[in-house]
Amino acid sequence: MIQLPRRSFLFAGAALGLVAAAPAFAADSEAAFAGSPIRRLTDADWKKKLPPASYNVLRHESTETPFTSPLLNEHRKGTFICLGCDLPLFKSDWKFDSGTGWPSFFTAIEHNLGHKRDFQLIEERDEYHCARCLGHQGHLFHDGPKPTGLRYCNNGVAFKFVPA
């Protein structure tokens with residue numbers, strides 16, 4: 001019989017509780033915007049509304065080519081908002097250079113994001129999207145800087161910058 005120290009058992013239980021709560025939080029975020037008229041847009045409406053690259057990313061979970069977004073080098077004070085519906089997602093103070101080729105942030109306006117598991121690659125990833133229009137934004141990784149250790153890796157064509 002394997003014995004675990006009590007502290008390890010408690011930490012493992014707390015971690016499982018956080019993992020189990022994450023999808024419920026994402027569902028709550030999305031539910032808050034369930035009545036939004038933007039949710040009634042058809043695929044044809046989205047295709048007319050968005051530039052082709054943005055349409056592919058936001059509506060079909062594509063990924064832009066790294067190092068191509070002008071927002072990668074955006075360093076002014078302001079807010080990054082969803083291109084599909086103008087919902088604020090990130091503050092410029094949270095942006096950092098991850099070296100990956102995509103705009104990256106160490107935290108987000110979390111109640112404006114929804115999350116789901118993504119199995120498109122071999123390894124499971126945490127995909128995040130706009131909670132209002134459900135547009136794909138990017139993926140969340142646990143290799144970011146302090147204070148959170150998180151890296152929200154965003155497609156530049158999925159949002160726009162609004163200067164302060």
# chains A, B, ... in the order shown; residues from 1 in each chain; ligands from 1

call {"tool": "residues_around", "arguments": {"residues": "region 87-96 of chain A", "least_positions_apart": "6", "cutoff": "9 Å", "atoms": "only C-alpha atoms", "output": "PyMOL selection string"}}
result
chain A and resi 74-81+103-113+130-133+144-145+151+159+161

call {"tool": "select_by_dssp", "arguments": {"residues": "region 98-158 of chain A", "states": "strand (DSSP E or B)", "output": "list in words"}}
result
Ser104, Phe105, Leu113, Gly114, His115, Lys116, Arg117, Asp118, Arg125, Asp126, Glu127, Tyr128, His129, Cys130, His136, Gln137, Gly138, His139, Leu140, Phe141, Arg151, Tyr152, Cys153 and Asn154 of chain A

call {"tool": "atom_distance", "arguments": {"atom1": "CA of Glu64 (chain A)", "atom2": "CA of Gly114 (chain A)"}}
result
20.2 Å

call {"tool": "residues_around", "arguments": {"residues": "Ser62 (chain A)", "least_positions_apart": "5", "cutoff": "12 Å", "atoms": "only C-alpha atoms", "output": "PyMOL selection string"}}
result
chain A and resi 52-57+120+127+135-139+154-158

call {"tool": "write_last_selection", "arguments": {"atoms": "N, CA and C atoms", "output": "mmCIF file, in the first residue's frame"}}
result
data_model
loop_
_atom_site.group_PDB
_atom_site.id
_atom_site.type_symbol
_atom_site.label_atom_id
_atom_site.label_comp_id
_atom_site.auth_asym_id
_atom_site.auth_seq_id
_atom_site.Cartn_x
_atom_site.Cartn_y
_atom_site.Cartn_z
ATOM 1 N N PRO A 52 -10.584 38.031 -44.208
ATOM 2 C CA PRO A 52 -10.438 36.573 -44.362
ATOM 3 C C PRO A 52 -9.582 35.882 -43.291
ATOM 4 N N ALA A 53 -8.420 36.422 -42.972
ATOM 5 C CA ALA A 53 -7.561 35.777 -41.966
ATOM 6 C C ALA A 53 -8.231 35.778 -40.594
ATOM 7 N N SER A 54 -8.882 36.877 -40.253
ATOM 8 C CA SER A 54 -9.578 36.974 -38.966
ATOM 9 C C SER A 54 -10.756 36.011 -38.916
ATOM 10 N N TYR A 55 -11.483 35.909 -40.015
ATOM 11 C CA TYR A 55 -12.603 34.969 -40.106
ATOM 12 C C TYR A 55 -12.113 33.545 -39.853
ATOM 13 N N ASN A 56 -11.014 33.160 -40.495
ATOM 14 C CA ASN A 56 -10.489 31.798 -40.324
ATOM 15 C C ASN A 56 -10.071 31.511 -38.886
ATOM 16 N N VAL A 57 -9.477 32.482 -38.233
ATOM 17 C CA VAL A 57 -9.048 32.290 -36.843
ATOM 18 C C VAL A 57 -10.250 32.316 -35.896
ATOM 19 N N GLN A 120 -6.459 19.248 -30.974
ATOM 20 C CA GLN A 120 -6.061 19.280 -32.383
ATOM 21 C C GLN A 120 -4.619 18.829 -32.587
ATOM 22 N N GLU A 127 -7.663 25.915 -24.926
ATOM 23 C CA GLU A 127 -8.041 26.928 -25.911
ATOM 24 C C GLU A 127 -8.915 27.953 -25.207
ATOM 25 N N GLY A 135 -15.590 33.692 -30.420
ATOM 26 C CA GLY A 135 -14.494 33.692 -31.384
ATOM 27 C C GLY A 135 -13.199 33.191 -30.771
ATOM 28 N N HIS A 136 -12.552 32.274 -31.468
ATOM 29 C CA HIS A 136 -11.262 31.712 -31.025
ATOM 30 C C HIS A 136 -10.218 32.830 -30.944
ATOM 31 N N GLN A 137 -9.493 32.871 -29.831
ATOM 32 C CA GLN A 137 -8.425 33.852 -29.661
ATOM 33 C C GLN A 137 -7.055 33.183 -29.666
ATOM 34 N N GLY A 138 -6.881 32.134 -28.885
ATOM 35 C CA GLY A 138 -5.573 31.496 -28.798
ATOM 36 C C GLY A 138 -5.564 30.369 -27.788
ATOM 37 N N HIS A 139 -4.373 30.134 -27.216
ATOM 38 C CA HIS A 139 -4.193 29.050 -26.242
ATOM 39 C C HIS A 139 -3.470 29.567 -25.002
ATOM 40 N N ASN A 154 -2.029 34.801 -28.093
ATOM 41 C CA ASN A 154 -3.175 35.261 -28.877
ATOM 42 C C ASN A 154 -2.833 35.458 -30.345
ATOM 43 N N ASN A 155 -3.767 35.128 -31.210
ATOM 44 C CA ASN A 155 -3.643 35.453 -32.627
ATOM 45 C C ASN A 155 -3.878 36.943 -32.790
ATOM 46 N N GLY A 156 -2.943 37.633 -33.423
ATOM 47 C CA GLY A 156 -3.073 39.077 -33.607
ATOM 48 C C GLY A 156 -4.258 39.467 -34.476
ATOM 49 N N VAL A 157 -4.662 38.607 -35.415
ATOM 50 C CA VAL A 157 -5.788 38.921 -36.284
ATOM 51 C C VAL A 157 -7.138 38.731 -35.585
ATOM 52 N N ALA A 158 -7.132 38.207 -34.355
ATOM 53 C CA ALA A 158 -8.375 37.944 -33.630
ATOM 54 C C ALA A 158 -8.793 39.110 -32.754
#

call {"tool": "atom_distance", "arguments": {"atom1": "CA of Arg39 (chain A)", "atom2": "CA of Cys85 (chain A)"}}
result
9.8 Å

call {"tool": "atom_distance", "arguments": {"atom1": "CA of Gly101 (chain A)", "atom2": "CA of Asn73 (chain A)"}}
result
10.0 Å
